[in-house]
>>> print(open('my_file_10.txt').read())   # compact mmCIF, C-alpha atoms
# COMPACT_ATOMS: atom_id res chain seq x y z
CA MET E 10 70.01 61.17 43.61
CA TYR E 11 71.01 64.76 42.98
CA GLY E 12 68.73 65.18 39.99
CA ARG E 13 69.95 62.22 37.94
CA SER E 14 66.66 60.27 37.95
CA ALA E 15 64.75 63.44 37.15
CA SER E 16 66.99 64.06 34.14
CA GLN E 17 66.38 60.53 32.89
CA LEU E 18 62.64 61.09 33.14
CA LEU E 19 62.89 64.26 31.07
CA LYS E 20 65.25 62.75 28.51
CA GLU E 21 62.74 59.99 27.88
CA GLN E 22 60.03 62.54 27.09
CA ALA E 23 62.40 64.64 24.99
CA SER E 24 63.62 61.67 22.95
CA CYS E 25 60.34 61.11 21.12
CA GLU E 26 59.34 63.40 18.24
CA SER E 27 57.86 66.73 19.24
CA GLY E 28 54.13 66.55 19.73
CA GLN E 29 54.16 62.84 20.53
CA LEU E 30 53.38 61.40 23.95
CA THR E 31 55.42 58.72 25.65
CA VAL E 32 53.81 56.38 28.16
CA PHE E 33 53.50 58.15 31.51
CA ASN E 34 56.42 56.80 33.49
CA ASN E 35 54.85 56.29 36.91
CA GLU E 36 57.86 54.40 38.23
CA ALA E 37 60.39 57.08 37.47
CA PHE E 38 58.02 59.78 38.72
CA ASP E 39 57.61 58.05 42.09
CA ARG E 40 61.34 57.43 42.30
CA VAL E 41 62.05 61.14 41.92
CA ILE E 42 59.50 61.93 44.66
CA LYS E 43 61.18 59.40 46.98
CA GLU E 44 64.54 61.01 46.28
CA CYS E 45 63.03 64.36 47.23
CA ASP E 46 62.00 62.87 50.58
CA GLU E 47 65.52 61.59 51.11
CA HIS E 48 67.05 64.94 50.28
CA HIS E 49 64.64 66.53 52.74
CA LEU E 50 65.63 64.10 55.52
CA GLN E 51 69.32 64.77 54.92
CA LEU E 52 68.61 68.48 54.94
CA GLU E 53 66.87 68.27 58.31
CA SER E 54 69.63 66.18 59.86
CA LEU E 55 72.34 68.54 58.61
CA PHE E 56 70.51 71.55 60.02
CA SER E 57 70.10 69.93 63.42
CA ALA E 58 73.77 68.86 63.37
CA SER E 59 74.89 72.42 62.81
CA ASP E 60 72.58 73.61 65.62
CA VAL E 61 74.22 71.24 68.09
CA ALA E 62 77.41 73.30 68.13
CA ASP E 63 76.43 75.77 70.87
CA VAL E 64 78.56 77.97 73.08
CA HIS E 65 78.70 75.56 76.01
CA SER E 66 80.11 72.50 74.26
CA VAL E 67 83.73 71.52 74.81
CA GLU E 68 84.70 71.58 71.15
CA THR E 69 83.52 75.10 70.50
CA ARG E 70 85.44 76.36 73.52
CA LYS E 71 88.58 74.69 72.20
CA LEU E 72 88.04 76.29 68.82
CA MET E 73 87.51 79.69 70.36
CA GLU E 74 90.79 79.25 72.21
CA GLN E 75 92.48 78.52 68.94
CA ASN E 76 90.92 81.70 67.55
CA LEU E 77 88.96 79.87 64.91
CA ASP E 78 85.54 81.18 64.04
CA VAL E 79 82.91 78.64 65.14
CA ARG E 80 80.98 79.27 61.99
CA THR E 81 83.63 78.03 59.54
CA THR E 82 83.52 74.52 60.99
CA THR E 83 79.78 74.33 60.49
CA ASN E 84 80.17 75.58 56.94
CA GLY E 85 80.58 71.99 55.84
CA GLU E 86 77.10 71.16 57.11
CA HIS E 87 75.68 74.30 55.58
CA LEU E 88 77.21 73.49 52.21
CA GLY E 89 75.87 69.94 52.35
CA ALA E 90 72.42 71.31 53.20
CA PHE E 91 72.77 73.80 50.34
CA ILE E 92 73.49 70.98 47.88
CA HIS E 93 70.49 68.99 49.09
CA HIS E 94 68.29 72.06 48.90
CA HIS E 95 69.26 72.74 45.31
CA SER E 96 68.78 69.10 44.38
CA LEU E 97 65.24 69.42 45.74
CA LEU E 98 64.64 72.54 43.64
CA ARG E 99 66.03 70.80 40.57
CA ASN E 100 63.82 67.72 41.09
CA LYS E 101 60.80 69.97 41.51
CA ARG E 102 61.60 71.83 38.29
CA CYS E 103 62.04 68.61 36.33
CA LEU E 104 58.78 67.12 37.59
CA MET E 105 56.84 70.32 36.90
CA ALA E 106 58.28 70.62 33.39
CA TYR E 107 57.42 66.96 32.72
CA MET E 108 53.79 67.51 33.69
CA GLN E 109 53.55 70.87 31.92
CA ASN E 110 54.92 69.64 28.61
CA ARG E 111 52.64 66.62 28.63
CA ALA E 112 49.65 68.81 29.56
CA GLU E 113 50.32 70.97 26.50
CA ILE E 114 50.24 67.92 24.25
CA VAL E 115 47.05 66.65 25.93
CA ARG E 116 45.37 70.03 25.30
CA SER E 117 46.34 69.96 21.64
CA LEU E 118 44.79 66.48 21.33
CA ARG E 119 41.32 67.95 21.66
CA TRP E 120 41.90 70.11 18.59
CA GLN E 121 43.49 67.35 16.54
CA LEU E 122 41.34 64.35 17.38
CA GLY E 123 38.04 65.61 18.74
CA PRO E 124 36.31 64.76 22.03
CA VAL E 125 36.90 61.00 21.91
CA LEU E 126 40.46 59.70 22.20
CA PRO E 127 41.64 56.52 20.50
CA GLU E 128 42.63 53.70 22.85
CA GLU E 129 46.30 53.69 21.88
CA ILE E 130 46.71 57.28 23.02
CA LYS E 131 44.63 56.86 26.17
CA ALA E 132 46.93 54.04 27.21
CA LYS E 133 49.88 56.42 27.27
CA MET E 134 48.23 58.94 29.58
CA SER E 135 47.99 58.82 33.34
CA TYR E 136 44.60 58.93 35.06
CA SER E 137 44.89 62.60 35.99
CA GLU E 138 45.79 63.46 32.39
CA GLU E 139 42.65 61.71 31.17
CA VAL E 140 40.57 63.72 33.65
CA TYR E 141 42.36 66.88 32.49
CA PHE E 142 41.51 66.06 28.87
CA VAL E 143 37.83 65.55 29.67
CA ASP E 144 37.64 68.78 31.68
CA HIS E 145 39.41 70.75 28.94
CA SER E 146 37.18 69.23 26.28
CA ASN E 147 34.05 70.12 28.28
CA ALA E 148 35.23 73.68 28.78
CA ILE E 149 35.76 74.09 25.02
CA GLU E 150 32.39 72.53 24.22
CA SER E 151 30.46 74.73 26.64
CA TYR E 152 32.19 77.81 25.20
CA MET E 153 31.42 76.72 21.64
CA SER E 154 27.79 76.00 22.40
CA GLU E 155 27.37 79.36 24.13
CA MET E 156 28.94 81.19 21.19
CA ASP E 157 27.09 78.86 18.80
CA VAL E 158 30.20 78.35 16.64
CA ASP E 159 32.32 75.25 16.01
CA LEU E 160 35.91 76.33 16.56
CA THR E 161 37.37 72.98 15.60
CA ALA E 162 36.03 73.16 12.03
CA ASP E 163 38.24 74.46 9.23
CA MET E 164 41.61 74.05 10.92
CA VAL E 165 43.09 74.61 7.46
CA PRO E 166 41.66 77.53 5.41
CA PRO E 167 39.03 76.03 3.07
CA LYS E 168 39.31 76.19 -0.70
CA SER E 169 35.98 74.63 -1.66
CA PRO E 170 32.85 73.62 0.25
CA SER E 171 33.05 69.91 -0.60
CA VAL E 172 35.80 67.28 -0.87
CA GLN E 173 36.15 63.89 -2.51
CA VAL E 174 37.06 61.26 0.06
CA LYS E 175 37.92 57.60 0.11
CA VAL E 176 36.99 55.67 3.22
CA LEU E 177 39.89 53.69 4.71
CA ASP E 178 38.13 51.80 7.50
CA ASP E 179 34.62 50.53 8.04
CA ILE E 180 32.75 53.24 9.88
CA GLY E 181 29.18 52.08 9.30
CA ASP E 182 26.15 54.32 8.96
CA VAL E 183 26.70 57.94 9.83
CA CYS E 184 24.09 60.66 9.97
CA LEU E 185 25.43 63.74 8.17
CA GLY E 186 23.13 66.74 8.00
CA ASP E 187 19.69 65.53 7.00
CA HIS E 188 20.54 62.13 5.49
CA SER E 189 22.58 59.15 6.59
CA ILE E 190 25.40 57.65 4.55
CA SER E 191 26.80 54.18 4.78
CA LEU E 192 30.58 54.51 5.05
CA THR E 193 32.06 51.18 4.06
CA LYS E 194 35.70 50.51 3.41
CA ASP E 195 37.11 51.68 0.08
CA SER E 196 33.96 53.57 -0.90
CA LEU E 197 34.19 57.01 -2.50
CA HIS E 198 32.03 59.92 -1.46
CA SER E 199 31.69 63.61 -2.00
CA LEU E 200 31.12 65.20 1.40
CA ARG E 201 31.01 68.67 2.88
CA ARG E 202 34.40 69.76 4.23
CA THR E 203 33.18 70.26 7.76
CA ASP E 204 31.69 66.76 7.86
CA ALA E 205 34.73 65.04 6.41
CA GLU E 206 37.37 66.92 8.44
CA PRO E 207 37.08 65.01 11.75
CA PHE E 208 37.17 61.64 9.97
CA ILE E 209 40.25 62.59 7.97
CA SER E 210 42.16 63.81 11.03
CA GLN E 211 41.40 60.56 12.82
CA GLY E 212 42.82 58.65 9.89
CA LEU E 213 39.55 56.97 8.91
CA MET E 214 39.30 58.64 5.50
CA GLU E 215 41.67 60.25 3.08
CA GLU E 216 41.20 63.15 0.71
CA LEU E 217 41.25 62.34 -2.99
CA LEU E 218 43.01 64.74 -5.33
CA ASP E 219 41.96 65.23 -8.93
CA MET X 6 64.60 83.86 27.16
CA PRO X 7 64.22 80.24 28.23
CA GLY X 8 61.53 79.72 30.81
CA TYR X 9 61.22 77.57 33.91
CA TYR X 10 59.41 74.84 31.97
CA ASP X 11 61.59 74.89 28.86
CA MET X 12 62.82 71.32 28.27
CA ASP X 13 65.88 72.36 26.29
CA ASP X 14 67.01 74.70 29.05
CA ILE X 15 66.59 72.00 31.69
CA LEU X 16 68.45 69.38 29.66
CA MET X 17 71.19 71.87 28.85
CA GLU X 18 71.76 72.52 32.55
CA ASP X 19 72.42 68.80 32.98
CA GLU X 20 75.70 68.93 31.04
CA PRO X 21 78.64 67.86 33.23
CA ILE X 22 81.21 70.45 34.29
CA SER X 23 84.47 69.61 35.97
CA VAL X 24 84.86 71.44 39.31
CA VAL X 25 87.30 71.54 42.22
CA PHE X 26 85.84 72.04 45.69
CA GLN X 27 87.34 74.94 47.64
CA VAL X 28 85.43 74.13 50.82
CA GLY X 29 84.50 70.81 52.37
CA ALA X 30 80.90 69.64 52.46
CA HIS X 31 79.34 67.15 54.86
CA GLY X 32 76.59 64.65 54.29
CA CYS X 33 76.55 64.48 50.51
CA GLY X 34 79.17 61.96 49.54
CA LEU X 35 76.94 60.29 46.97
CA LEU X 36 77.36 63.35 44.78
CA ASP X 37 80.38 61.61 43.35
CA PRO X 38 79.20 58.12 42.39
CA GLY X 39 82.62 56.59 42.93
CA SER X 40 83.35 58.01 46.38
CA GLU X 41 83.26 55.98 49.58
CA THR X 42 82.86 58.69 52.21
CA ILE X 43 79.81 60.75 53.00
CA ASP X 44 81.91 63.91 53.17
CA ILE X 45 83.54 65.94 50.44
CA GLU X 46 87.00 67.26 51.24
CA LYS X 47 88.45 70.53 50.12
CA GLY X 48 90.42 70.05 46.91
CA MET X 49 88.34 67.14 45.65
CA LYS X 50 87.75 67.17 41.92
CA MET X 51 84.53 65.86 40.36
CA ASP X 52 82.03 66.32 37.53
CA LEU X 53 78.86 68.11 38.52
CA PRO X 54 75.87 69.07 36.37
CA TYR X 55 75.86 72.71 35.31
CA TRP X 56 72.92 73.72 37.55
CA LEU X 57 74.76 72.62 40.69
CA ALA X 58 78.16 73.92 39.57
CA HIS X 59 76.62 77.31 38.85
CA GLN X 60 74.99 77.59 42.29
CA LEU X 61 78.11 76.46 44.12
CA HIS X 62 80.19 78.90 42.10
CA LEU X 63 77.92 81.77 43.15
CA ARG X 64 78.62 80.78 46.73
CA GLN X 65 82.34 80.55 45.95
CA ALA X 66 82.48 76.94 47.10
CA VAL X 67 84.00 75.56 43.88
CA SER X 68 86.25 76.65 41.07
CA ILE X 69 85.21 75.81 37.53
CA SER X 70 87.54 74.90 34.70
CA VAL X 71 86.78 75.36 31.02
CA PRO X 72 84.97 72.27 29.67
CA ALA X 73 86.67 70.15 27.01
CA SER X 74 84.28 71.32 24.29
CA PHE X 75 85.80 74.82 24.45
CA SER X 76 89.42 73.77 24.73
CA GLN X 77 92.23 74.75 22.38
CA LYS X 78 91.98 71.39 20.61
CA THR X 79 88.33 71.95 19.66
CA ARG X 80 89.06 75.51 18.64
CA LYS X 81 91.75 74.37 16.24
CA GLU X 82 89.43 71.76 14.76
CA ILE X 83 86.70 74.34 14.25
CA GLN X 84 89.12 76.73 12.61
CA ALA X 85 90.25 74.00 10.24
CA ASP X 86 86.77 73.06 9.05
CA ALA X 87 83.81 73.94 11.20
CA ALA X 88 81.18 71.99 9.31
CA CYS X 89 82.91 68.65 9.81
CA VAL X 90 83.27 68.81 13.58
CA ASP X 91 80.87 66.50 15.41
CA LEU X 92 79.56 68.98 17.96
CA LYS X 93 76.58 66.81 18.83
CA GLY X 94 78.89 64.10 20.10
CA ARG X 95 80.98 66.49 22.17
CA CYS X 96 78.28 68.71 23.59
CA PRO X 97 74.71 68.71 22.26
CA TYR X 98 74.05 72.15 23.79
CA PHE X 99 77.32 73.67 22.64
CA TYR X 100 76.18 77.24 22.08
CA GLU X 101 73.88 77.56 25.11
CA LEU X 102 76.45 76.06 27.46
CA GLY X 103 79.18 78.27 26.02
CA CYS X 104 77.10 81.38 26.64
CA LYS X 105 76.40 80.38 30.23
CA ILE X 106 79.92 79.20 31.03
CA ALA X 107 81.76 82.23 29.66
CA PRO X 108 81.10 84.55 32.65
CA LEU X 109 81.80 81.75 35.15
CA VAL X 110 85.29 80.87 33.94
CA GLY X 111 86.10 84.45 32.96
CA ASP X 112 87.08 83.57 29.42
CA LYS X 113 86.29 86.45 27.11
CA THR X 114 87.20 84.64 23.90
CA ILE X 115 84.44 82.03 24.10
CA GLY X 116 81.84 84.45 22.70
CA SER X 117 83.68 85.21 19.47
CA PHE X 118 84.64 81.56 19.11
CA LEU X 119 80.98 80.49 19.29
CA LEU X 120 80.01 83.12 16.74
CA TYR X 121 82.71 82.00 14.34
CA ALA X 122 81.71 78.33 14.68
CA PHE X 123 78.05 79.13 14.14
CA THR X 124 78.49 81.31 11.06
CA ASP X 125 80.78 78.75 9.45
CA ARG X 126 78.42 75.86 10.06
CA TYR X 127 75.41 77.93 9.04
CA LYS X 128 76.61 78.11 5.44
CA GLU X 129 76.55 74.32 5.17
CA MET X 130 73.21 74.11 6.99
CA LEU X 131 71.57 76.54 4.62
CA SER X 132 72.57 74.66 1.50
CA LYS X 133 71.89 71.17 2.86
CA SER X 134 68.50 71.92 4.40
CA HIS X 135 66.92 72.97 1.12
CA GLY X 136 67.69 69.84 -0.81
CA ALA X 137 68.63 66.84 1.29
CA PRO X 138 66.30 64.19 2.79
CA ALA X 139 65.61 64.16 6.53
CA VAL X 140 68.61 62.48 8.14
CA THR X 141 72.04 62.86 6.63
CA ARG X 142 75.51 62.48 8.01
CA PHE X 143 75.74 66.24 8.26
CA SER X 144 72.59 66.62 10.32
CA SER X 145 73.82 64.01 12.81
CA ARG X 146 76.72 66.32 13.67
CA LEU X 147 74.51 69.29 14.53
CA THR X 148 73.88 70.55 18.06
CA LYS X 149 70.34 70.77 19.41
CA GLU X 150 70.00 74.46 18.56
CA GLU X 151 71.32 73.94 15.03
CA SER X 152 69.12 70.93 14.36
CA GLN X 153 66.02 72.92 15.34
CA LEU X 154 66.95 75.51 12.72
CA PHE X 155 67.77 72.79 10.20
CA GLU X 156 64.45 71.06 10.78
CA ALA X 157 62.53 74.34 10.49
CA ALA X 158 64.20 75.10 7.14
CA ARG X 159 63.65 71.57 5.84
CA SER X 160 60.00 71.36 6.81
CA SER X 161 59.15 74.77 5.40
CA MET X 162 60.86 73.80 2.13
CA ALA X 163 58.85 70.57 2.03
CA ALA X 164 55.63 72.50 2.75
CA PHE X 165 56.42 74.92 -0.07
CA LYS X 166 57.04 72.10 -2.54
CA LYS X 167 53.80 70.47 -1.50
CA TRP X 168 51.91 73.70 -2.02
CA ARG X 169 53.47 74.11 -5.48
CA THR X 170 52.38 70.65 -6.57
CA GLY X 171 48.94 70.99 -4.99
CA GLY X 172 49.06 68.21 -2.40
CA SER X 173 46.21 67.30 -0.07
CA ARG X 174 45.59 69.82 2.68
CA LEU X 175 43.44 67.81 5.05
CA GLU X 176 45.70 65.35 6.77
CA LYS X 177 45.64 62.71 9.44
CA ALA X 178 46.63 64.08 12.86
CA ALA X 179 50.38 63.84 13.38
CA ILE X 180 50.11 62.29 16.82
CA LEU X 181 48.53 59.13 15.44
CA GLY X 182 51.76 58.05 13.80
CA ARG X 183 52.17 56.29 10.50
CA LYS X 184 50.86 52.79 11.03
CA ARG X 185 47.26 52.42 12.02
CA LYS X 186 46.82 49.48 14.31
CA ARG X 187 43.48 47.79 14.58
CA THR X 188 42.40 47.98 18.21
CA VAL X 189 39.45 45.60 17.73
CA PRO X 190 40.43 42.00 16.95
CA LEU X 191 38.92 40.76 13.70
CA GLY X 192 37.95 37.37 15.05
CA PRO X 193 39.60 34.02 15.75
CA SER X 194 42.64 33.73 13.53
CA SER X 195 42.57 30.94 11.02
CA PRO X 196 45.05 28.08 11.59
>>> encode(input="my_file_10.txt", output="structure tokens")
Amino acid sequence: MYGRSASQLLKEQASCESGQLTVFNNEAFDRVIKECDEHHLQLESLFSASDVADVHSVETRKLMEQNLDVRTTTNGEHLGAFIHHHSLLRNKRCLMAYMQNRAEIVRSLRWQLGPVLPEEIKAKMSYSEEVYFVDHSNAIESYMSEMDVDLTADMVPPKSPSVQVKVLDDIGDVCLGDHSISLTKDSLHSLRRTDAEPFISQGLMEELLD
Amino acid sequence: MPGYYDMDDILMEDEPISVVFQVGAHGCGLLDPGSETIDIEKGMKMDLPYWLAHQLHLRQAVSISVPASFSQKTRKEIQADAACVDLKGRCPYFYELGCKIAPLVGDKTIGSFLLYAFTDRYKEMLSKSHGAPAVTRFSSRLTKEESQLFEAARSSMAAFKKWRTGGSRLEKAAILGRKRKRTVPLGPSSP
């Protein structure tokens, strides 16, 4: 309560290296939402408790006789409601920041890994994040096809049109340009930069230096 | 200026501050994990996170005392040798919290104290970040703000050295991590 679970959720995300995703913590997320409901209930009950003190009740008449302002005795309820209200705001902020920071990382995945995500990363995302990734990827692709330019090529300024690569994993036969190449493990090739770039960023090939 | 979604700002506001309630509050006894009542009495002392202490202070419902990280004891330690003080252990958001707390407790000396601590530690940071490997004893004493600076200096130095020696420029995406696991099983394992 009072923002502690929400902080734990955020600390978990902050504890991994920047740019990495942790597994989407559904449990903690739902727990924070339940706490918000509880805060809300307490808020309602405190408001109705402070409304009960009206002019006709016996206690308020006694207080008025003792010259005490009726409002100071309900200040306790108001302060309690204030604390619950701010806990709600804090929980909301933590949940929003959690989603927002993860969404940023999901967006950057399209630029780093291309339109298809590896299984190990998909497993860390929630269902709505996967949908978000697909929608974002489609938006980029439709823009690129309309402009007829591949924005994800040449993420690093190119020095030469071709690179020497060594294949790290069996990829099989790939059609590059007008001919197909058989990419077997530990084979060496000289490919165009733009063709080799997506394979290298996925970790399937590595660049060879002279 | 830190934004609504800034993780560092949110985590900084979670730091505990010791407060004394000037007014009673009903219906939120669980605020203090050890308490047995559901009401808070006037004069009760407890540790609240900064975000709540700040709001209650604005409403004049609590009085805030200077946190331990800015006490005379810490100041003396910093004056003796700033670079050796383990600020990360005391308060990982030392500078940010100090800036926010100073107007609340009305202490005008916190600002100059923070500046002095930072400039002293910065000398060490500058020299260590350009030579040392990633995690050293010194870097484990740095606050969050300092370690971001340290990391920026270290990584730009590493990038420069790599450029000098002509390292590979096309790299595997950072998010994939170092070990590549095979997701497809190779077949029944041999006995």
>>> atom_distance(input="my_file_10.txt", atom1="CA of Glu20 (chain X)", atom2="CA of Lys81 (chain X)")
22.5 Å
>>> closest_atom_pairs(input="my_file_10.txt", of="chain E", to="chain X", cutoff="9 Å", atoms="all atoms listed in the file", output="tab-separated table")
residue	atom	partner	partner_atom	distance
E:Met10	CA	X:Leu35	CA	7.8
E:Tyr11	CA	X:Leu36	CA	6.7
E:Gly12	CA	X:Asp19	CA	8.7
E:Arg13	CA	X:Asp19	CA	8.6
E:Ser16	CA	X:Leu16	CA	7.1
E:Leu19	CA	X:Met12	CA	7.6
E:Lys20	CA	X:Leu16	CA	7.5
E:Ala23	CA	X:Met12	CA	7.5
E:Gly28	CA	X:Ile180	CA	6.5
E:Gln29	CA	X:Ile180	CA	5.5
E:Leu30	CA	X:Ile180	CA	7.9
E:Gln51	CA	X:Gly32	CA	7.3
E:Leu52	CA	X:Gly32	CA	8.9
E:Leu55	CA	X:Gly32	CA	7.2
E:Asn84	CA	X:Ala30	CA	7.5
E:Gly85	CA	X:Ala30	CA	4.1
E:Glu86	CA	X:His31	CA	5.1
E:His87	CA	X:Ala30	CA	7.7
E:Leu88	CA	X:Ala30	CA	5.3
E:Gly89	CA	X:Ala30	CA	5.0
E:Ala90	CA	X:Gly32	CA	7.9
E:Phe91	CA	X:Leu61	CA	8.6
E:Ile92	CA	X:Leu57	CA	7.5
E:His93	CA	X:Cys33	CA	7.7
E:His95	CA	X:Leu57	CA	7.2
E:Ser96	CA	X:Leu57	CA	7.9
E:Arg99	CA	X:Trp56	CA	8.1
E:Arg102	CA	X:Tyr9	CA	7.2
E:Cys103	CA	X:Ile15	CA	7.3
E:Met105	CA	X:Tyr10	CA	7.2
E:Ala106	CA	X:Tyr10	CA	4.6
E:Tyr107	CA	X:Tyr10	CA	8.2
E:Gln109	CA	X:Tyr10	CA	7.1
E:Asn110	CA	X:Tyr10	CA	7.6
E:Leu118	CA	X:Ile180	CA	8.1
E:Gln121	CA	X:Ala178	CA	5.8
E:Leu122	CA	X:Ala178	CA	7.0
E:Pro127	CA	X:Thr188	CA	8.9
E:Glu128	CA	X:Thr188	CA	7.4
E:Glu129	CA	X:Thr188	CA	7.8
E:Ile130	CA	X:Leu181	CA	8.0
E:Met164	CA	X:Leu175	CA	8.8
E:Val165	CA	X:Arg174	CA	7.2
E:Glu206	CA	X:Leu175	CA	7.0
E:Phe208	CA	X:Lys177	CA	8.6
E:Ile209	CA	X:Lys177	CA	5.6
E:Ser210	CA	X:Lys177	CA	4.0
E:Gln211	CA	X:Lys177	CA	5.8
E:Gly212	CA	X:Lys177	CA	5.0
E:Leu213	CA	X:Lys177	CA	8.4
E:Met214	CA	X:Lys177	CA	8.5
E:Glu215	CA	X:Glu176	CA	7.5
E:Glu216	CA	X:Ser173	CA	6.6
E:Leu217	CA	X:Ser173	CA	7.6
E:Leu218	CA	X:Ser173	CA	6.7
>>> atom_distance(input="my_file_10.txt", atom1="CA of Ser134 (chain X)", atom2="CA of Tyr121 (chain X)")
20.1 Å
>>> closest_atom_pairs(input="my_file_10.txt", of="region 43-89 of chain X", to="region 123-130 of chain X", cutoff="10 Å", atoms="only C-alpha atoms", output="Markdown table")
| residue | atom | partner | partner_atom | distance |
| --- | --- | --- | --- | --- |
| X:Ile83 | CA | X:Asp125 | CA | 8.8 |
| X:Gln84 | CA | X:Asp125 | CA | 9.1 |
| X:Asp86 | CA | X:Asp125 | CA | 8.3 |
| X:Ala87 | CA | X:Arg126 | CA | 5.8 |
| X:Ala88 | CA | X:Arg126 | CA | 4.8 |
| X:Cys89 | CA | X:Arg126 | CA | 8.5 |
>>> residues_near_point(input="my_file_10.txt", point="(77.6, 60.5, 17.4)", cutoff="10 Å", atoms="all atoms listed in the file", output="ChimeraX atom specification")
/X:91-95,97,142,145-147
>>> residues_around(input="my_file_10.txt", residues="region 103-106 of chain X", least_positions_apart="4", cutoff="7 Å", atoms="all atoms listed in the file", output="list in words")
Phe99, Val110, Ile115 and Gly116 of chain X
>>> atom_distance(input="my_file_10.txt", atom1="CA of Asp187 (chain E)", atom2="CA of Ser146 (chain E)")
26.3 Å
>>> residues_around(input="my_file_10.txt", residues="region 136-145 of chain E", least_positions_apart="3", cutoff="7 Å", atoms="all atoms listed in the file", output="list of chain:residue names")
E:Val115, E:Arg116, E:Ala148, E:Ile149
>>> residues_near_point(input="my_file_10.txt", point="(65.3, 68.7, 10.3)", cutoff="12 Å", atoms="all atoms listed in the file", output="PyMOL selection string")
(chain E and resi 26-27) or (chain X and resi 130-131+133-141+143-145+147-163)
>>> build_atoms(input="my_file_10.txt", residues="region 26-37 of chain X", atoms="N, CA, C and O atoms", output="mmCIF file, in the coordinates of the input")
data_model
loop_
_atom_site.group_PDB
_atom_site.id
_atom_site.type_symbol
_atom_site.label_atom_id
_atom_site.label_comp_id
_atom_site.auth_asym_id
_atom_site.auth_seq_id
_atom_site.Cartn_x
_atom_site.Cartn_y
_atom_site.Cartn_z
ATOM 1 N N PHE X 26 86.441 71.464 44.492
ATOM 2 C CA PHE X 26 85.840 72.040 45.690
ATOM 3 C C PHE X 26 86.857 72.870 46.469
ATOM 4 O O PHE X 26 87.963 72.413 46.752
ATOM 5 N N GLN X 27 86.455 74.091 46.833
ATOM 6 C CA GLN X 27 87.340 74.940 47.640
ATOM 7 C C GLN X 27 87.036 74.815 49.114
ATOM 8 O O GLN X 27 87.794 75.268 49.961
ATOM 9 N N VAL X 28 85.873 74.260 49.435
ATOM 10 C CA VAL X 28 85.430 74.130 50.820
ATOM 11 C C VAL X 28 84.909 72.712 50.971
ATOM 12 O O VAL X 28 84.391 72.133 50.030
ATOM 13 N N GLY X 29 85.035 72.147 52.175
ATOM 14 C CA GLY X 29 84.500 70.810 52.370
ATOM 15 C C GLY X 29 83.003 70.850 52.560
ATOM 16 O O GLY X 29 82.436 71.847 52.986
ATOM 17 N N ALA X 30 82.341 69.734 52.246
ATOM 18 C CA ALA X 30 80.900 69.640 52.460
ATOM 19 C C ALA X 30 80.591 68.329 53.154
ATOM 20 O O ALA X 30 81.172 67.297 52.824
ATOM 21 N N HIS X 31 79.686 68.368 54.140
ATOM 22 C CA HIS X 31 79.340 67.150 54.860
ATOM 23 C C HIS X 31 78.024 66.579 54.379
ATOM 24 O O HIS X 31 77.149 67.300 53.924
ATOM 25 N N GLY X 32 77.907 65.268 54.471
ATOM 26 C CA GLY X 32 76.590 64.650 54.290
ATOM 27 C C GLY X 32 76.129 64.513 52.863
ATOM 28 O O GLY X 32 74.968 64.223 52.632
ATOM 29 N N CYS X 33 77.005 64.708 51.878
ATOM 30 C CA CYS X 33 76.550 64.480 50.510
ATOM 31 C C CYS X 33 77.616 63.780 49.694
ATOM 32 O O CYS X 33 77.995 64.221 48.619
ATOM 33 N N GLY X 34 78.125 62.673 50.246
ATOM 34 C CA GLY X 34 79.170 61.960 49.540
ATOM 35 C C GLY X 34 78.696 61.333 48.244
ATOM 36 O O GLY X 34 79.462 61.170 47.312
ATOM 37 N N LEU X 35 77.418 60.984 48.169
ATOM 38 C CA LEU X 35 76.940 60.290 46.970
ATOM 39 C C LEU X 35 76.944 61.173 45.738
ATOM 40 O O LEU X 35 76.617 60.729 44.647
ATOM 41 N N LEU X 36 77.268 62.441 45.915
ATOM 42 C CA LEU X 36 77.360 63.350 44.780
ATOM 43 C C LEU X 36 78.347 62.815 43.755
ATOM 44 O O LEU X 36 78.108 62.891 42.546
ATOM 45 N N ASP X 37 79.426 62.240 44.227
ATOM 46 C CA ASP X 37 80.380 61.610 43.350
ATOM 47 C C ASP X 37 80.131 60.109 43.399
ATOM 48 O O ASP X 37 80.358 59.477 44.420
#
